[in-house]
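A.B. asks: Just passing along the structure, written as structure tokens.
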Amino acid sequence: MKAVKTAIIGCGAISSAYMKNLKERFSIIELAACSDLDVEKMNYRADEFDIKPLTFQEILADPEMEMIINLTNPMVHYEITKTALLAGKHVYSEKMLAVTTKQAKELCQIANEKKLYLGVAPDTFLGGTIQTARYLLEHGMIGKPLSFVASLTRDFGIFAEILPHLRKPGGSITVDTGCYYMTALTSLLGNVDKVNAFSTVNEQLRTGRRLGTSDFGKTYEVQVENILCANVLFKNGVMGTFHMNSDCIFDETRILRIYGTEGILSIDDPNQFGSKLTLRKPFGPEIEFPLTHGFTDECRGIGAAEMAWSMRKGRKNRASAEMGYHVLEVLEGMAVSAQTGKLCQVESEFEQPSMLPAGFIGGKEYGMWAPTEETALS
């Protein structure tokens, strides 16, 4: 199978994980080039992974370059992705597709009109934990799913002084980190029907506390909610609460549980590929369930690799634009509901991606005898 010639746009912190995985573990990808406005960053990554440092225009002009992976700041995802699509390139984007659903809808329309693949992170739902959770649900291990609880707390007061986009539109905890929870839930439960929510911005004006940054000692504004509580109703009748708080303590606390008629399924961290998964049945102890699927370590880029396989096989990619758009609409709907005080109807629908085949674990302890993990994507 011919590898898909690919370039990465954006050489920030997350690019290292992408480049390492795409170079070392996915045969379907030929990582050929990278680009960044920061020439020093671009050259460093190019040297580190033995690829070409090129301008964005040089990448777009290469007729053999099939796929662009967009790892830029969320505020420019729309511009970069749109330009690449119009140049005839397939695009896989880091979370989210765009800052607004209006922008994201336009990107989906362009991709459809030009018959191009468009994918979007987070791709953690393709990891061993969420895939095993799907396996358990489909095999009736908790009976009929009825409700869920999703909750996350962290301290964006610290994170946002390192990454200022986290205090701006498109960077709230609801979108930046809540997307992992909602992507996991939609991959497991399907389409969302309605949402309503309350939110607030605690301590909107702040003084920079981090030495060495341009904000130190200066006043800055938190432009997005840092506390949100929502109710979510899925089209299959499952309902639950969605709680995000980015003005709490630094130590992250996580809850993601699905409650069924015959058991409770708990996922420790949907932002990881192989976090702890526990199952509780009636009158029994909570047990850690062994993962039935591979990709349990740091696998950023698996969504792009699965999309490359889908391109070659002529099928729909799992981390699809439609799924990413739906998640964005759900999260945006929460913000709209909180602002208006009204219930928000989710209009979009997506085809729930099929589960990856089980058994391709690929553990290093088995050496050459291990099933090849990438086979699950093919």
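Going by the structure tokens order, chains are called A, B, ..., each with residues numbered from 1, while ligands are numbered from 1 in the order shown.
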Under the rule of at most 10 Å, produce a per-residue listing of segment 125-206 of chain A near segment 217-230 of chain A: chain, number, name, the closest pair of atoms, and the distance in Å, as CSV, using only C-alpha atoms.

C.D. replies:
residue,atom,partner,partner_atom,distance
A:Ala150,CA,A:Ala230,CA,9.9
A:Ser151,CA,A:Cys229,CA,9.1
A:Thr153,CA,A:Ile227,CA,9.1
A:Arg154,CA,A:Asn226,CA,9.9
A:Asp155,CA,A:Asn226,CA,9.3
A:Phe156,CA,A:Asn226,CA,8.1
A:Gly157,CA,A:Val222,CA,9.3
A:Ala160,CA,A:Val222,CA,9.1
A:Glu161,CA,A:Tyr220,CA,9.9
A:Pro164,CA,A:Val222,CA,9.5
A:His165,CA,A:Gln223,CA,9.8
A:Leu166,CA,A:Val224,CA,8.4
A:Arg167,CA,A:Val222,CA,5.0
A:Lys168,CA,A:Gln223,CA,5.1
A:Pro169,CA,A:Val224,CA,6.0
A:Gly170,CA,A:Val224,CA,8.3
A:Gly171,CA,A:Val224,CA,7.6
A:Ser172,CA,A:Val224,CA,5.6
A:Ile173,CA,A:Asn226,CA,6.5
A:Thr174,CA,A:Leu228,CA,7.2
A:Val195,CA,A:Ala230,CA,6.8
A:Asn196,CA,A:Ala230,CA,5.5
A:Ala197,CA,A:Ala230,CA,4.0
A:Phe198,CA,A:Cys229,CA,5.4
A:Ser199,CA,A:Leu228,CA,4.2
A:Thr200,CA,A:Glu225,CA,5.3
A:Val201,CA,A:Glu225,CA,4.6
A:Asn202,CA,A:Asn226,CA,6.6
A:Glu203,CA,A:Val222,CA,7.8
A:Gln204,CA,A:Val222,CA,5.0
A:Leu205,CA,A:Glu221,CA,4.7
A:Arg206,CA,A:Thr219,CA,5.4

A.B. asks: Among the residues of segment 78-216 of chain A, find those DSSP assigns to strand (DSSP E) from the backbone and print them as a PyMOL selection string.

C.D. replies: chain A and resi 90-93+118-120+145-153+192-200+205-207

A.B. asks: Please save N, CA and C atoms of the selected residues as a PDB file, in the first residue's frame.

C.D. replies:
ATOM      1  N   HIS A  90      -6.029  16.930   1.220  1.00  0.00           N
ATOM      2  CA  HIS A  90      -6.780  16.363   2.334  1.00  0.00           C
ATOM      3  C   HIS A  90      -6.206  16.954   3.618  1.00  0.00           C
ATOM      4  N   VAL A  91      -7.061  17.178   4.623  1.00  0.00           N
ATOM      5  CA  VAL A  91      -6.600  17.846   5.847  1.00  0.00           C
ATOM      6  C   VAL A  91      -7.054  17.077   7.081  1.00  0.00           C
ATOM      7  N   TYR A  92      -6.116  16.903   8.003  1.00  0.00           N
ATOM      8  CA  TYR A  92      -6.439  16.426   9.349  1.00  0.00           C
ATOM      9  C   TYR A  92      -6.049  17.538  10.310  1.00  0.00           C
ATOM     10  N   SER A  93      -6.980  17.955  11.175  1.00  0.00           N
ATOM     11  CA  SER A  93      -6.763  19.106  12.053  1.00  0.00           C
ATOM     12  C   SER A  93      -6.715  18.713  13.518  1.00  0.00           C
ATOM     13  N   LEU A 118     -11.501  15.188   5.307  1.00  0.00           N
ATOM     14  CA  LEU A 118     -11.275  16.167   6.363  1.00  0.00           C
ATOM     15  C   LEU A 118     -11.492  15.456   7.691  1.00  0.00           C
ATOM     16  N   GLY A 119     -10.457  15.431   8.515  1.00  0.00           N
ATOM     17  CA  GLY A 119     -10.533  14.782   9.825  1.00  0.00           C
ATOM     18  C   GLY A 119     -10.167  15.745  10.920  1.00  0.00           C
ATOM     19  N   VAL A 120     -10.501  15.361  12.161  1.00  0.00           N
ATOM     20  CA  VAL A 120     -10.237  16.279  13.268  1.00  0.00           C
ATOM     21  C   VAL A 120     -10.031  15.506  14.563  1.00  0.00           C
ATOM     22  N   PRO A 145     -27.616   1.416  28.683  1.00  0.00           N
ATOM     23  CA  PRO A 145     -27.100   2.686  29.231  1.00  0.00           C
ATOM     24  C   PRO A 145     -28.239   3.667  29.458  1.00  0.00           C
ATOM     25  N   LEU A 146     -28.205   4.321  30.624  1.00  0.00           N
ATOM     26  CA  LEU A 146     -29.282   5.229  30.993  1.00  0.00           C
ATOM     27  C   LEU A 146     -28.826   6.661  31.220  1.00  0.00           C
ATOM     28  N   SER A 147     -27.657   6.819  31.861  1.00  0.00           N
ATOM     29  CA  SER A 147     -27.209   8.165  32.223  1.00  0.00           C
ATOM     30  C   SER A 147     -25.695   8.197  32.331  1.00  0.00           C
ATOM     31  N   PHE A 148     -25.152   9.412  32.467  1.00  0.00           N
ATOM     32  CA  PHE A 148     -23.700   9.559  32.601  1.00  0.00           C
ATOM     33  C   PHE A 148     -23.376  10.778  33.453  1.00  0.00           C
ATOM     34  N   VAL A 149     -22.156  10.803  33.944  1.00  0.00           N
ATOM     35  CA  VAL A 149     -21.591  11.977  34.617  1.00  0.00           C
ATOM     36  C   VAL A 149     -20.210  12.214  34.029  1.00  0.00           C
ATOM     37  N   ALA A 150     -19.959  13.443  33.586  1.00  0.00           N
ATOM     38  CA  ALA A 150     -18.636  13.843  33.102  1.00  0.00           C
ATOM     39  C   ALA A 150     -18.222  15.087  33.865  1.00  0.00           C
ATOM     40  N   SER A 151     -17.032  15.055  34.469  1.00  0.00           N
ATOM     41  CA  SER A 151     -16.575  16.187  35.271  1.00  0.00           C
ATOM     42  C   SER A 151     -15.066  16.319  35.173  1.00  0.00           C
ATOM     43  N   LEU A 152     -14.595  17.559  35.052  1.00  0.00           N
ATOM     44  CA  LEU A 152     -13.167  17.839  35.002  1.00  0.00           C
ATOM     45  C   LEU A 152     -12.872  19.139  35.727  1.00  0.00           C
ATOM     46  N   THR A 153     -11.835  19.128  36.553  1.00  0.00           N
ATOM     47  CA  THR A 153     -11.345  20.370  37.165  1.00  0.00           C
ATOM     48  C   THR A 153      -9.843  20.478  36.933  1.00  0.00           C
ATOM     49  N   VAL A 192     -26.051  13.668  19.993  1.00  0.00           N
ATOM     50  CA  VAL A 192     -26.694  14.449  21.050  1.00  0.00           C
ATOM     51  C   VAL A 192     -27.932  15.127  20.475  1.00  0.00           C
ATOM     52  N   ASP A 193     -28.991  15.204  21.273  1.00  0.00           N
ATOM     53  CA  ASP A 193     -30.247  15.818  20.851  1.00  0.00           C
ATOM     54  C   ASP A 193     -30.372  17.251  21.349  1.00  0.00           C
ATOM     55  N   LYS A 194     -30.220  17.445  22.674  1.00  0.00           N
ATOM     56  CA  LYS A 194     -30.436  18.769  23.270  1.00  0.00           C
ATOM     57  C   LYS A 194     -29.441  19.005  24.398  1.00  0.00           C
ATOM     58  N   VAL A 195     -29.162  20.295  24.670  1.00  0.00           N
ATOM     59  CA  VAL A 195     -28.336  20.671  25.820  1.00  0.00           C
ATOM     60  C   VAL A 195     -28.914  21.933  26.458  1.00  0.00           C
ATOM     61  N   ASN A 196     -28.700  22.057  27.764  1.00  0.00           N
ATOM     62  CA  ASN A 196     -28.869  23.360  28.408  1.00  0.00           C
ATOM     63  C   ASN A 196     -27.776  23.525  29.444  1.00  0.00           C
ATOM     64  N   ALA A 197     -27.470  24.771  29.788  1.00  0.00           N
ATOM     65  CA  ALA A 197     -26.272  24.982  30.608  1.00  0.00           C
ATOM     66  C   ALA A 197     -26.314  26.293  31.368  1.00  0.00           C
ATOM     67  N   PHE A 198     -25.462  26.354  32.400  1.00  0.00           N
ATOM     68  CA  PHE A 198     -25.143  27.572  33.122  1.00  0.00           C
ATOM     69  C   PHE A 198     -23.620  27.733  33.080  1.00  0.00           C
ATOM     70  N   SER A 199     -23.154  28.980  33.030  1.00  0.00           N
ATOM     71  CA  SER A 199     -21.704  29.206  33.055  1.00  0.00           C
ATOM     72  C   SER A 199     -21.404  30.563  33.666  1.00  0.00           C
ATOM     73  N   THR A 200     -20.141  30.747  34.020  1.00  0.00           N
ATOM     74  CA  THR A 200     -19.701  32.027  34.554  1.00  0.00           C
ATOM     75  C   THR A 200     -18.208  32.206  34.301  1.00  0.00           C
ATOM     76  N   LEU A 205     -10.817  39.761  35.379  1.00  0.00           N
ATOM     77  CA  LEU A 205      -9.577  40.525  35.215  1.00  0.00           C
ATOM     78  C   LEU A 205      -8.528  39.991  36.175  1.00  0.00           C
ATOM     79  N   ARG A 206      -7.339  39.679  35.660  1.00  0.00           N
ATOM     80  CA  ARG A 206      -6.286  39.052  36.464  1.00  0.00           C
ATOM     81  C   ARG A 206      -4.954  39.739  36.222  1.00  0.00           C
ATOM     82  N   THR A 207      -4.032  39.477  37.113  1.00  0.00           N
ATOM     83  CA  THR A 207      -2.668  40.002  36.985  1.00  0.00           C
ATOM     84  C   THR A 207      -1.715  38.842  36.735  1.00  0.00           C
TER      85      THR A 207
END

A.B. asks: So which residues touch Ala305 of chain A within 8 Å, counting only C-alpha atoms, skipping near sequence neighbours fewer than 3 positions away, as a ChimeraX atom specification?

C.D. replies: /A:22,26,28-29,301-302,308-309,377

A.B. asks: Of the candidates A:Thr101, A:Asn112, A:Thr372, A:Thr183, which one gets nearest to Phe295 of chain A if we count only C-alpha atoms?

C.D. replies: A:Thr372

A.B. asks: Any idea what's packed within 10 Å of segment 3-7 of chain A, counting only C-alpha atoms, ignoring anything in its chain fewer than 2 positions away? Could you give it as a PyMOL selection string?

C.D. replies: chain A and resi 1+9-10+19+22+26-35+51-54+56+59-60+64-70+89-91+304-305+307-309+311-312

A.B. asks: Enter the distance from atom CA of Lys105 of chain A to atom CA of Gly190 of chain A, in Å, rounded to one decimal.

C.D. replies: 19.5 Å

A.B. asks: With 8 Å as the cut-off and only C-alpha atoms counted, what is the closest atom pair between each nearby residue of segment 342-364 of chain A and segment 316-333 of chain A? Distances in Å to one decimal, ordered by chain and number, as JSON lines.

C.D. replies:
{"residue": "A:Cys344", "atom": "CA", "partner": "A:Gly333", "partner_atom": "CA", "distance": 5.8}
{"residue": "A:Gln345", "atom": "CA", "partner": "A:Gly333", "partner_atom": "CA", "distance": 7.7}
{"residue": "A:Val346", "atom": "CA", "partner": "A:Val330", "partner_atom": "CA", "distance": 6.4}
{"residue": "A:Ser348", "atom": "CA", "partner": "A:His326", "partner_atom": "CA", "distance": 5.8}
{"residue": "A:Glu349", "atom": "CA", "partner": "A:His326", "partner_atom": "CA", "distance": 6.4}
{"residue": "A:Phe350", "atom": "CA", "partner": "A:Glu322", "partner_atom": "CA", "distance": 5.4}
{"residue": "A:Glu351", "atom": "CA", "partner": "A:Met323", "partner_atom": "CA", "distance": 7.4}
{"residue": "A:Gln352", "atom": "CA", "partner": "A:Met323", "partner_atom": "CA", "distance": 7.7}
{"residue": "A:Pro353", "atom": "CA", "partner": "A:Arg318", "partner_atom": "CA", "distance": 5.2}
{"residue": "A:Ser354", "atom": "CA", "partner": "A:Arg318", "partner_atom": "CA", "distance": 7.3}

A.B. asks: In terms of the shortest atom-to-atom distance over only C-alpha atoms, which of A:Arg134, A:Lys276, A:Asp268, A:Arg300 is closest to Lys23 of chain A?

C.D. replies: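 Smallest separation from Lys23 of chain A among the options: A:Arg300.
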
A.B. asks: Which polymer residues have any atom within 10 Å of an atom of Met355 of chain A, counting only C-alpha atoms, with same-chain residues fewer than 4 positions away left out, as a PyMOL selection string?

C.D. replies: chain A and resi 125-126+130-132+134-135+138+187-188+293+318+376

A.B. asks: Quick one: distance from atom CA of Thr261 of chain A to atom CA of Gly143 of chain A in Å, one decimal?

C.D. replies: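 A separation of 5.0 Å between them.
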
A.B. asks: Skip His77 of chain A itself and residues of its chain fewer than 2 positions away, then list as JSON, numbers by chain all residues within 8 Å of it, counting only C-alpha atoms.

C.D. replies: {"A": [70, 71, 72, 73, 74, 75, 79, 80, 81, 93, 96, 97, 98, 99]}

A.B. asks: Would you mind exporting N, CA and C atoms of the selected residues as a tab-separated table (two decimals), in the first residue's frame?

C.D. replies:
chain	number	residue	atom	x	y	z
A	70	ASN	N	-2.84	19.90	10.36
A	70	ASN	CA	-2.89	21.27	10.86
A	70	ASN	C	-2.76	21.28	12.39
A	71	LEU	N	-1.56	21.65	12.87
A	71	LEU	CA	-1.30	21.70	14.31
A	71	LEU	C	-1.10	23.13	14.80
A	72	THR	N	-1.68	24.08	14.10
A	72	THR	CA	-1.51	25.48	14.47
A	72	THR	C	-2.41	25.85	15.65
A	73	ASN	N	-2.31	27.11	16.09
A	73	ASN	CA	-3.18	27.63	17.14
A	73	ASN	C	-4.63	27.54	16.70
A	74	PRO	N	-5.55	27.15	17.60
A	74	PRO	CA	-6.96	27.01	17.21
A	74	PRO	C	-7.55	28.23	16.50
A	75	MET	N	-7.06	29.43	16.83
A	75	MET	CA	-7.59	30.64	16.22
A	75	MET	C	-7.35	30.70	14.71
A	79	GLU	N	-8.47	29.25	8.85
A	79	GLU	CA	-7.73	29.85	7.72
A	79	GLU	C	-6.79	28.84	7.06
A	80	ILE	N	-6.01	28.12	7.88
A	80	ILE	CA	-5.04	27.16	7.34
A	80	ILE	C	-5.75	25.99	6.65
A	81	THR	N	-6.77	25.44	7.30
A	81	THR	CA	-7.49	24.30	6.72
A	81	THR	C	-8.20	24.69	5.44
A	93	SER	N	-6.98	17.95	11.18
A	93	SER	CA	-6.76	19.11	12.05
A	93	SER	C	-6.71	18.71	13.52
A	96	MET	N	-9.93	22.20	17.71
A	96	MET	CA	-11.13	21.71	17.04
A	96	MET	C	-11.05	22.13	15.57
A	97	LEU	N	-12.08	21.78	14.80
A	97	LEU	CA	-12.09	22.15	13.38
A	97	LEU	C	-11.92	23.64	13.20
A	98	ALA	N	-12.60	24.42	14.02
A	98	ALA	CA	-12.56	25.88	13.96
A	98	ALA	C	-13.05	26.42	15.29
A	99	VAL	N	-13.05	27.72	15.43
A	99	VAL	CA	-13.50	28.35	16.68
A	99	VAL	C	-15.01	28.38	16.75

A.B. asks: By how many Å are atom CA of Ala84 of chain A and atom CA of Gln109 of chain A apart?

C.D. replies: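 Going from atom CA of Ala84 of chain A over to atom CA of Gln109 of chain A covers 13.8 Å.
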